[in-house]
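**Q** File protein.txt below, compact mmCIF, C-alpha atoms:
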```
# COMPACT_ATOMS: atom_id res chain seq x y z
CA MET L 1 1.31 -49.51 41.91
CA ARG L 2 4.43 -51.44 41.02
CA ALA L 3 6.27 -48.23 40.13
CA PHE L 4 5.12 -46.68 43.43
CA GLY L 5 6.45 -49.64 45.41
CA ALA L 6 9.71 -49.60 43.49
CA LEU L 7 10.26 -45.89 44.15
CA LEU L 8 9.39 -46.22 47.86
CA ARG L 9 11.66 -49.23 48.27
CA ARG L 10 14.51 -47.57 46.41
CA ASP L 11 14.31 -44.37 48.45
CA ILE L 12 14.35 -46.32 51.70
CA VAL L 13 17.31 -48.42 50.55
CA LEU L 14 19.18 -45.28 49.45
CA SER L 15 18.64 -43.53 52.77
CA VAL L 16 19.60 -46.59 54.84
CA ARG L 17 22.79 -47.32 52.88
CA SER L 18 26.02 -45.39 53.30
CA GLY L 19 25.72 -41.71 52.53
CA GLY L 20 21.95 -41.82 52.81
CA GLY L 21 21.45 -40.22 56.18
CA ALA L 22 18.52 -42.20 57.60
CA GLY L 23 20.22 -42.39 61.03
CA LEU L 24 21.20 -38.74 60.85
CA GLY L 25 17.82 -37.33 61.85
CA ALA L 26 17.37 -39.78 64.71
CA GLY L 27 20.91 -39.21 65.94
CA PHE L 28 20.46 -35.44 65.82
CA PHE L 29 17.15 -35.71 67.70
CA VAL L 30 18.69 -37.71 70.55
CA LEU L 31 21.82 -35.57 70.71
CA VAL L 32 19.96 -32.25 70.97
CA LEU L 33 17.86 -33.59 73.84
CA VAL L 34 20.88 -35.08 75.62
CA LEU L 35 22.40 -31.58 75.49
CA ALA L 36 19.30 -29.97 77.04
CA PRO L 37 20.04 -30.88 80.69
CA LEU L 38 23.61 -29.64 80.20
CA GLY L 39 22.34 -26.25 79.09
CA LEU L 40 19.33 -25.88 81.37
CA GLY L 41 20.74 -27.48 84.51
CA PRO L 42 19.68 -30.66 86.27
CA GLU L 43 16.58 -29.31 88.01
CA GLN L 44 13.82 -31.89 87.52
CA SER L 45 10.78 -29.61 87.45
CA LEU L 46 12.35 -27.22 84.94
CA LEU L 47 13.36 -30.01 82.57
CA ARG L 48 10.00 -31.68 82.90
CA SER L 49 8.06 -28.55 82.01
CA ALA L 50 10.43 -27.65 79.15
CA ALA L 51 10.44 -31.19 77.75
CA PRO L 52 7.35 -31.04 75.48
CA GLY L 53 8.61 -27.93 73.68
CA LEU L 54 12.19 -29.14 73.52
CA ILE L 55 11.22 -32.54 72.12
CA TRP L 56 8.96 -31.02 69.49
CA ILE L 57 11.56 -28.43 68.43
CA ALA L 58 14.14 -31.22 68.17
CA ALA L 59 11.70 -33.27 66.07
CA LEU L 60 11.12 -30.27 63.76
CA LEU L 61 14.84 -29.73 63.25
CA ALA L 62 15.63 -33.44 62.87
CA ASN L 63 12.90 -33.63 60.24
CA LEU L 64 14.81 -31.07 58.15
CA LEU L 65 17.83 -33.33 57.94
CA GLY L 66 17.68 -35.51 54.88
CA LEU L 67 15.05 -33.38 53.15
CA GLU L 68 17.71 -31.99 50.85
CA ARG L 69 18.32 -35.54 49.58
CA VAL L 70 14.66 -36.26 48.86
CA ILE L 71 14.31 -34.60 45.44
CA GLU L 72 17.60 -32.91 44.55
CA PRO L 73 19.66 -36.02 43.59
CA ASP L 74 16.88 -37.32 41.33
CA LEU L 75 16.74 -33.93 39.63
CA GLN L 76 20.50 -33.79 39.13
CA ASP L 77 21.01 -37.29 37.73
CA GLY L 78 17.98 -37.31 35.42
CA THR L 79 15.86 -39.81 37.37
CA LEU L 80 13.16 -37.16 37.71
CA ASP L 81 12.80 -36.95 33.90
CA LEU L 82 12.22 -40.71 33.80
CA LEU L 83 9.66 -40.46 36.61
CA ARG L 84 7.86 -37.71 34.71
CA LEU L 85 7.73 -39.96 31.64
CA SER L 86 6.52 -42.97 33.65
CA SER L 87 2.89 -43.88 34.14
CA LEU L 88 3.14 -42.95 37.84
CA PRO L 89 1.40 -39.59 38.46
CA LEU L 90 3.69 -37.00 40.03
CA GLU L 91 1.36 -36.75 43.04
CA LEU L 92 2.17 -40.40 43.77
CA VAL L 93 5.87 -39.75 43.19
CA VAL L 94 5.63 -37.12 45.93
CA LEU L 95 3.66 -39.51 48.14
CA ALA L 96 6.28 -42.26 47.77
CA LYS L 97 9.00 -39.78 48.70
CA VAL L 98 7.04 -38.55 51.73
CA ALA L 99 6.47 -42.13 52.88
CA ALA L 100 10.15 -43.02 52.52
CA HIS L 101 11.20 -39.89 54.43
CA TRP L 102 8.69 -40.47 57.22
CA LEU L 103 9.58 -44.15 57.66
CA THR L 104 13.29 -43.36 57.94
CA ASN L 105 12.90 -40.14 59.95
CA GLY L 106 9.55 -39.41 61.63
CA LEU L 107 8.77 -42.97 62.65
CA VAL L 108 12.22 -43.49 64.14
CA ILE L 109 11.83 -40.25 66.13
CA CYS L 110 8.44 -41.44 67.45
CA LEU L 111 10.03 -44.65 68.67
CA LEU L 112 13.01 -42.89 70.28
CA ALA L 113 10.92 -40.18 71.96
CA PRO L 114 9.94 -42.15 75.13
CA LEU L 115 13.60 -42.89 75.74
CA VAL L 116 14.78 -39.28 75.64
CA ALA L 117 11.61 -38.06 77.38
CA SER L 118 12.39 -40.24 80.39
CA MET L 119 15.81 -38.62 80.49
CA LEU L 120 14.02 -35.26 80.85
CA PHE L 121 11.91 -36.63 83.74
CA VAL L 122 8.65 -36.71 81.77
CA GLN L 123 6.14 -38.77 83.78
CA SER L 124 5.64 -42.26 82.39
CA GLN L 125 1.84 -41.86 82.05
CA VAL L 126 2.45 -38.93 79.67
CA LEU L 127 4.76 -40.86 77.35
CA TRP L 128 1.95 -42.32 75.28
CA VAL L 129 0.53 -38.83 74.61
CA LEU L 130 3.99 -37.74 73.50
CA MET L 131 4.32 -40.70 71.15
CA LEU L 132 0.81 -40.21 69.82
CA SER L 133 1.43 -36.51 69.20
CA LEU L 134 4.58 -37.32 67.22
CA LEU L 135 2.88 -40.15 65.38
CA LEU L 136 0.08 -37.79 64.29
CA GLY L 137 2.27 -34.75 63.66
CA THR L 138 5.43 -36.01 61.95
CA PRO L 139 3.69 -37.24 58.76
CA GLY L 140 2.56 -33.63 58.24
CA LEU L 141 6.15 -32.47 58.71
CA SER L 142 7.32 -34.93 56.04
CA PHE L 143 4.60 -33.77 53.64
CA ILE L 144 5.43 -30.09 54.06
CA GLY L 145 9.15 -30.85 53.94
CA THR L 146 8.90 -32.85 50.72
CA ALA L 147 6.85 -30.13 49.02
CA GLY L 148 9.51 -27.63 50.15
CA ALA L 149 12.22 -29.92 48.79
CA ALA L 150 10.42 -30.05 45.44
CA LEU L 151 10.21 -26.25 45.39
CA SER L 152 13.84 -25.66 46.29
CA ALA L 153 15.31 -28.43 44.12
CA GLY L 154 17.70 -27.10 41.52
CA VAL L 155 18.46 -23.97 43.54
CA ARG L 156 22.07 -23.48 44.53
CA ARG L 157 22.50 -23.90 48.28
CA GLY L 158 18.86 -24.96 48.34
CA GLY L 159 19.19 -26.52 51.79
CA ILE L 160 19.07 -23.18 53.58
CA LEU L 161 16.19 -21.98 51.44
CA LEU L 162 14.46 -25.25 52.25
CA ALA L 163 14.73 -24.63 55.99
CA LEU L 164 13.38 -21.10 55.53
CA ILE L 165 10.38 -22.40 53.56
CA VAL L 166 9.60 -25.36 55.77
CA LEU L 167 10.15 -24.19 59.37
CA PRO L 168 7.52 -21.40 59.42
CA LEU L 169 4.96 -23.78 57.93
CA ASN L 170 5.63 -26.22 60.76
CA ILE L 171 4.84 -23.73 63.54
CA PRO L 172 1.22 -24.92 63.96
CA ALA L 173 2.35 -28.52 64.40
CA LEU L 174 4.89 -27.38 67.00
CA ILE L 175 2.25 -25.43 68.96
CA PHE L 176 -0.37 -28.18 69.02
CA GLY L 177 2.15 -30.99 69.51
CA ALA L 178 3.84 -29.36 72.47
CA SER L 179 0.56 -28.19 73.98
CA ALA L 180 -0.95 -31.69 73.81
CA VAL L 181 1.94 -33.05 75.84
CA SER L 182 1.92 -30.10 78.28
CA ALA L 183 -1.81 -30.53 78.82
CA ALA L 184 -1.32 -34.21 79.64
CA GLN L 185 1.47 -33.28 82.06
CA ARG L 186 -0.87 -30.93 83.95
CA GLY L 187 -3.46 -33.68 84.11
CA GLY L 188 -5.65 -32.02 81.46
CA ASP L 189 -7.24 -33.48 78.34
CA PRO L 190 -4.85 -33.59 75.36
CA SER L 191 -7.43 -34.90 72.89
CA GLN L 192 -8.32 -31.52 71.37
CA ALA L 193 -4.74 -30.64 70.54
CA LEU L 194 -4.14 -34.15 69.21
CA LEU L 195 -7.17 -33.93 66.93
CA LEU L 196 -6.00 -30.57 65.61
CA LEU L 197 -2.57 -32.09 65.01
CA ALA L 198 -4.15 -34.91 63.00
CA ALA L 199 -6.18 -32.36 61.04
CA LEU L 200 -3.00 -30.40 60.25
CA SER L 201 -1.35 -33.54 58.92
CA LEU L 202 -4.34 -34.34 56.73
CA ILE L 203 -4.40 -30.80 55.31
CA ALA L 204 -0.65 -31.00 54.70
CA ALA L 205 -1.14 -34.33 52.91
CA VAL L 206 -3.59 -32.88 50.41
CA VAL L 207 -1.94 -29.51 49.85
CA ALA L 208 1.64 -30.78 49.80
CA SER L 209 0.97 -33.63 47.34
CA LEU L 210 -0.57 -31.21 44.88
CA ALA L 211 1.95 -28.42 45.50
CA GLY L 212 4.90 -30.82 45.37
CA ALA L 213 3.75 -32.33 42.09
CA ALA L 214 3.18 -28.86 40.62
CA ALA L 215 6.66 -27.81 41.73
CA LEU L 216 8.18 -30.86 40.05
CA ARG L 217 6.36 -30.03 36.83
CA LEU L 218 7.51 -26.41 36.93
CA ASN L 219 11.07 -27.36 37.67
CA GLU L 220 11.90 -27.49 33.99
CA ASP L 221 11.51 -23.78 33.22
CA MET D 222 4.61 -44.37 14.31
CA ARG D 223 5.22 -41.18 12.38
CA ILE D 224 6.65 -37.90 13.63
CA ALA D 225 6.23 -34.57 11.87
CA ALA D 226 7.54 -31.17 12.92
CA GLU D 227 6.19 -27.97 11.39
CA THR D 228 8.17 -24.76 11.85
CA LEU D 229 9.11 -25.98 15.29
CA GLY D 230 10.81 -23.49 17.58
CA CYS D 231 11.67 -23.16 21.24
CA VAL D 232 12.31 -20.11 23.40
CA ARG D 233 13.82 -20.58 26.83
CA GLY D 234 14.02 -17.55 29.05
CA ASP D 235 14.80 -14.71 26.64
CA ARG D 236 16.77 -16.90 24.29
CA LEU D 237 15.57 -18.37 21.03
CA VAL D 238 17.15 -21.83 21.09
CA PHE D 239 16.06 -22.95 17.62
CA ARG D 240 13.36 -22.08 15.15
CA ALA D 241 11.77 -23.03 11.84
CA LEU D 242 12.60 -26.73 12.06
CA ASN D 243 10.74 -28.93 9.62
CA PHE D 244 11.27 -32.67 9.51
CA SER D 245 9.34 -35.90 9.38
CA LEU D 246 10.25 -39.39 10.41
CA GLU D 247 8.63 -42.69 9.45
CA ALA D 248 8.90 -46.18 10.90
CA GLY D 249 12.42 -47.55 10.61
CA GLN D 250 13.99 -44.16 9.97
CA ALA D 251 16.56 -42.33 12.02
CA LEU D 252 17.30 -38.65 12.46
CA LEU D 253 20.73 -37.42 13.47
CA LEU D 254 20.87 -34.02 15.15
CA THR D 255 24.11 -32.15 14.58
CA GLY D 256 25.32 -28.67 15.34
CA PRO D 257 27.79 -26.93 17.62
CA ASN D 258 27.50 -26.88 21.41
CA GLY D 259 24.52 -24.85 22.52
CA SER D 260 22.67 -25.13 19.23
CA GLY D 261 19.67 -26.79 20.90
CA LYS D 262 20.11 -30.52 20.28
CA THR D 263 19.30 -31.49 23.87
CA THR D 264 16.45 -29.00 23.99
CA LEU D 265 14.92 -30.51 20.86
CA LEU D 266 15.20 -34.01 22.33
CA ARG D 267 13.51 -32.81 25.54
CA VAL D 268 10.73 -31.22 23.49
CA MET D 269 10.28 -34.51 21.63
CA ALA D 270 10.18 -36.38 24.95
CA GLY D 271 7.41 -34.04 26.08
CA LEU D 272 9.47 -32.73 29.00
CA LEU D 273 9.57 -29.23 27.52
CA ALA D 274 6.85 -27.46 25.58
CA ALA D 275 7.55 -26.26 22.06
CA THR D 276 6.85 -22.53 22.08
CA ILE D 277 6.57 -22.10 18.31
CA GLY D 278 5.18 -24.41 15.66
CA ARG D 279 3.85 -27.92 16.09
CA LEU D 280 5.14 -31.40 16.67
CA HIS D 281 2.86 -34.29 15.70
CA PHE D 282 3.13 -37.89 16.84
CA LEU D 283 0.89 -40.12 14.74
CA ASN D 284 -0.09 -43.76 14.92
CA ASP D 285 0.31 -45.96 11.86
CA ASP D 286 -3.32 -45.19 10.93
CA ARG D 287 -2.50 -41.44 11.04
CA SER D 288 -4.49 -40.81 14.21
CA PRO D 289 -2.64 -38.65 16.77
CA LEU D 290 -1.04 -40.31 19.77
CA SER D 291 -2.44 -39.39 23.18
CA ASP D 292 0.00 -37.86 25.68
CA GLU D 293 -0.04 -41.03 27.73
CA ALA D 294 0.58 -43.27 24.73
CA HIS D 295 3.39 -40.92 23.70
CA ASP D 296 5.12 -41.28 27.07
CA GLN D 297 4.74 -45.06 26.89
CA ALA D 298 6.12 -45.22 23.35
CA LEU D 299 9.55 -43.74 23.95
CA HIS D 300 12.88 -44.31 25.63
CA PHE D 301 14.80 -41.19 26.61
CA ILE D 302 18.53 -41.57 27.22
CA ALA D 303 19.80 -38.20 28.39
CA HIS D 304 23.13 -36.91 29.71
CA GLY D 305 22.10 -37.67 33.29
CA ASP D 306 22.59 -41.39 33.78
CA ALA D 307 20.00 -41.87 36.58
CA LEU D 308 22.51 -43.94 38.55
CA LYS D 309 22.89 -43.87 42.33
CA PRO D 310 26.30 -44.37 43.92
CA ALA D 311 24.81 -46.75 46.51
CA LEU D 312 22.79 -48.96 44.15
CA SER D 313 24.28 -51.85 42.19
CA VAL D 314 23.89 -52.15 38.42
CA GLU D 315 21.30 -54.89 38.83
CA GLU D 316 19.30 -52.92 41.42
CA THR D 317 19.39 -49.87 39.18
CA LEU D 318 18.06 -51.76 36.17
CA ARG D 319 15.46 -53.53 38.27
CA PHE D 320 14.23 -50.11 39.47
CA HIS D 321 14.08 -48.85 35.88
CA ALA D 322 12.20 -51.98 34.78
CA ASP D 323 9.62 -51.30 37.52
CA ILE D 324 9.30 -47.64 36.52
CA LEU D 325 8.96 -48.50 32.83
CA GLY D 326 6.52 -51.31 33.57
CA ALA D 327 8.83 -53.85 31.92
CA GLU D 328 9.03 -57.56 32.74
CA SER D 329 11.36 -58.24 35.69
CA ALA D 330 12.95 -61.00 33.62
CA SER D 331 14.13 -58.39 31.08
CA VAL D 332 16.84 -57.19 33.47
CA ALA D 333 19.10 -60.20 32.91
CA GLY D 334 18.68 -59.91 29.13
CA ALA D 335 19.49 -56.20 29.16
CA MET D 336 22.63 -56.73 31.24
CA ASN D 337 23.73 -59.44 28.84
CA ALA D 338 23.03 -57.32 25.77
CA TRP D 339 25.22 -54.50 27.06
CA GLY D 340 28.02 -56.64 28.52
CA LEU D 341 27.18 -55.77 32.13
CA ASP D 342 26.95 -59.31 33.55
CA ARG D 343 30.21 -59.10 35.45
CA LEU D 344 29.26 -55.72 36.88
CA SER D 345 25.82 -56.70 38.17
CA ASP D 346 26.83 -56.33 41.84
CA SER D 347 29.04 -53.27 41.41
CA PRO D 348 27.66 -50.14 43.06
CA GLY D 349 27.23 -47.09 40.84
CA ALA D 350 30.04 -45.33 42.69
CA PHE D 351 32.60 -47.83 41.30
CA LEU D 352 31.62 -47.55 37.64
CA SER D 353 33.68 -45.75 34.99
CA ALA D 354 32.08 -43.16 32.71
CA GLY D 355 31.72 -45.69 29.89
CA GLN D 356 30.21 -48.30 32.19
CA ARG D 357 27.71 -45.75 33.51
CA ARG D 358 26.78 -44.94 29.95
CA ARG D 359 26.21 -48.62 29.21
CA VAL D 360 23.93 -49.02 32.23
CA SER D 361 22.00 -46.01 31.00
CA LEU D 362 21.72 -47.42 27.47
CA ALA D 363 20.67 -50.83 28.85
CA ARG D 364 17.28 -49.25 29.58
CA LEU D 365 16.66 -49.51 25.82
CA SER D 366 16.73 -53.30 26.12
CA LEU D 367 14.39 -53.50 29.14
CA GLN D 368 11.25 -52.91 27.15
CA SER D 369 10.47 -52.64 23.47
CA ARG D 370 9.39 -49.09 22.66
CA LEU D 371 9.03 -47.49 19.25
CA LEU D 372 10.84 -44.19 19.63
CA TRP D 373 14.37 -43.88 21.00
CA LEU D 374 15.64 -40.41 21.91
CA LEU D 375 19.39 -40.58 22.47
CA ASP D 376 21.47 -37.64 23.66
CA GLU D 377 25.14 -38.14 22.75
CA PRO D 378 24.95 -41.91 23.12
CA LEU D 379 28.53 -42.51 21.98
CA VAL D 380 30.20 -40.41 24.67
CA ALA D 381 32.68 -42.44 26.76
CA LEU D 382 31.83 -45.74 25.06
CA ASP D 383 34.69 -48.06 24.05
CA ARG D 384 34.92 -49.76 20.66
CA ASP D 385 33.08 -52.89 21.81
CA ALA D 386 30.21 -50.93 23.32
CA ARG D 387 29.92 -48.73 20.20
CA ALA D 388 29.60 -51.87 18.09
CA ARG D 389 26.88 -53.17 20.43
CA LEU D 390 25.02 -49.84 20.27
CA HIS D 391 25.33 -49.86 16.49
CA ASP D 392 23.91 -53.40 16.21
CA ILE D 393 21.12 -52.79 18.72
CA CYS D 394 20.08 -49.58 16.94
CA ALA D 395 20.12 -51.33 13.56
CA GLY D 396 17.96 -54.13 14.98
CA HIS D 397 15.54 -51.60 16.44
CA ARG D 398 15.12 -49.87 13.06
CA ALA D 399 14.73 -53.19 11.27
CA ARG D 400 11.75 -53.88 13.54
CA GLY D 401 10.19 -50.56 12.52
CA GLY D 402 11.54 -48.46 15.39
CA LEU D 403 12.47 -44.79 15.13
CA ILE D 404 15.62 -43.17 16.47
CA VAL D 405 16.43 -39.52 17.04
CA ALA D 406 19.98 -39.02 18.23
CA ALA D 407 22.18 -36.04 18.93
CA SER D 408 25.82 -36.71 18.18
CA HIS D 409 29.02 -34.94 17.18
CA GLU D 410 30.38 -38.13 15.67
CA PRO D 411 29.13 -40.19 12.73
CA PHE D 412 26.37 -42.43 14.03
CA LEU D 413 23.48 -44.40 12.49
CA ASP D 414 23.93 -45.45 8.84
CA ASP D 415 21.81 -43.64 6.27
CA ALA D 416 20.14 -41.45 8.86
CA SER D 417 18.79 -38.13 7.71
CA VAL D 418 20.73 -35.28 9.23
CA LEU D 419 19.20 -32.22 10.81
CA ASP D 420 21.81 -29.51 11.30
CA LEU D 421 20.71 -27.09 13.98
CA GLY D 422 23.37 -24.71 12.74
CA PRO D 423 25.25 -22.05 14.62
CA ARG D 424 23.90 -20.86 17.90
CA ALA D 425 21.17 -18.32 17.22
```
Rewrite the structure of this file - the entire thing - as structure tokens.

**A**
Amino acid sequence: MRAFGALLRRDIVLSVRSGGGAGLGAGFFVLVLVLAPLGLGPEQSLLRSAAPGLIWIAALLANLLGLERVIEPDLQDGTLDLLRLSSLPLELVVLAKVAAHWLTNGLVICLLAPLVASMLFVQSQVLWVLMLSLLLGTPGLSFIGTAGAALSAGVRRGGILLALIVLPLNIPALIFGASAVSAAQRGGDPSQALLLLAALSLIAAVVASLAGAAALRLNED
Amino acid sequence: MRIAAETLGCVRGDRLVFRALNFSLEAGQALLLTGPNGSGKTTLLRVMAGLLAATIGRLHFLNDDRSPLSDEAHDQALHFIAHGDALKPALSVEETLRFHADILGAESASVAGAMNAWGLDRLSDSPGAFLSAGQRRRVSLARLSLQSRLLWLLDEPLVALDRDARARLHDICAGHRARGGLIVAASHEPFLDDASVLDLGPRA
């Protein structure tokens, strides 16, 4: 437990300090959505109906930023060997890394979402559905992303490979996340899509912890 | 602790890295691995650390009563100091060692002692990015002093160390062996008095 806490704390500190890139994802998320009205034009109804999809796509892309730094540096400098020799199971190593990535990326995006959504004329009564959808969906993105980072670690130019592995796997989250918000906008019931989103995150948690740990073990050969 | 290797060999990819190694090591003894670049010294150390599987032969780790060590006990009984120094540019020396103490399960109080033993007191607040190669090496070696463990696996420990640090390493290794510890080290330079030498020979 102590080793888990130490790893989580260290990863958060590393991503918050200079060169870490914790603010990068959040900054990218806001910037992409600030650009949307410039590309699509200022028409309120168009922006409002495009907003759920735009916000979720921006969240997906922002989630990719920083993933390259989740496993790769520890592999390069030998920290991963020490983690493999420690009493902490590799599944928990993956979990600590997912938690650090989500706290510095997904959670920040959840908190910023109402701000940028208002800029896109999303009705205020829909904002809580948007936040809830991101809160339920982004942990799954971090799980899948970290497993992808474990798989692509050690590969030259692994960042691009990482995006190619991770983005297709995140399509279901994008569909259910955006459709939950759209449903709420039309006055419908978003609960079904939200529940599916939560289910996706739970599945990702189980599969990605195991797959990520297996990838770290295989990394040697 | 006792270590015994029987016709140990390792194949990586299509390449036979080393083969037919036989050696044994008792409490207080040291083994020096020599051989040209690429002869498999690092690979052998990684096999001994359990990070790589030996593909040929057997490697036994035995307790003092000759019962085999479990995998978990094996991991908890060794320090592995590799080429990678496990240092982050943004973390200070003290933060780095505190993290390693947590990962090893060592007492938090051991950090100050380890910094003192390796002459790192004045560097405790320096971030990894500011350290010289020798200083990085010393931080890496300071892990040895965080927690007492029986087997030390050292990969080129002398590289980049100045005369003072070499003397410290020498004394600390001698103390470790006097307490019944084992050391396996790869080095191109003379290191460890009266250690048995295992020459991995020319690259196969």

**Q** Taking (14.9, -37.7, 80.4) in the file's coordinates, which residues come within 9 Å, counting all atoms listed in the file, written as an mmCIF file with C-alpha atoms, in the coordinates of the input?

**A**
```
data_model
loop_
_atom_site.group_PDB
_atom_site.id
_atom_site.type_symbol
_atom_site.label_atom_id
_atom_site.label_comp_id
_atom_site.auth_asym_id
_atom_site.auth_seq_id
_atom_site.Cartn_x
_atom_site.Cartn_y
_atom_site.Cartn_z
ATOM 1 C CA LEU L 33 17.860 -33.590 73.840
ATOM 2 C CA VAL L 34 20.880 -35.080 75.620
ATOM 3 C CA PRO L 37 20.040 -30.880 80.690
ATOM 4 C CA LEU L 47 13.360 -30.010 82.570
ATOM 5 C CA ARG L 48 10.000 -31.680 82.900
ATOM 6 C CA ALA L 51 10.440 -31.190 77.750
ATOM 7 C CA PRO L 114 9.940 -42.150 75.130
ATOM 8 C CA LEU L 115 13.600 -42.890 75.740
ATOM 9 C CA VAL L 116 14.780 -39.280 75.640
ATOM 10 C CA ALA L 117 11.610 -38.060 77.380
ATOM 11 C CA SER L 118 12.390 -40.240 80.390
ATOM 12 C CA MET L 119 15.810 -38.620 80.490
ATOM 13 C CA LEU L 120 14.020 -35.260 80.850
ATOM 14 C CA PHE L 121 11.910 -36.630 83.740
ATOM 15 C CA VAL L 122 8.650 -36.710 81.770
#
```

**Q** Hey, which bits of chain L sit within 6 Å of chain D, and for each residue what's the closest pair of atoms and how far apart in Å (one decimal), counting all atoms listed in the file, rows by chain and increasing number, as CSV?

**A**
```
residue,atom,partner,partner_atom,distance
L:Ala3,CA,D:Ile324,CA,4.7
L:Asp77,CA,D:Gly305,CA,4.6
L:Gly78,CA,D:Gly305,CA,4.7
L:Thr79,CA,D:Ala307,CA,4.7
L:Leu85,CA,D:Asp296,CA,5.4
```

**Q** So, with only C-alpha atoms as the atoms that count, which of L:Pro89, L:Gly41, L:Gly188, L:Pro172 lies closest to Val129 (chain L)?

**A**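 Comparing L:Pro89, L:Gly41, L:Gly188, L:Pro172 against Val129 (chain L), the winner is L:Gly188.
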
**Q** Just give me the gap between CA of Gly177 (chain L) and CA of Arg69 (chain L) in Å, one decimal is fine.

**A** 26.1 Å

**Q** Quick one: of D:Ala354, D:Leu419, D:Ala363, D:Ala338, who's nearest to Ala381 (chain D), counting all atoms listed in the file?

**A**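 Once distances to Ala381 (chain D) are computed over all atoms listed in the file, the minimum belongs to D:Ala354.
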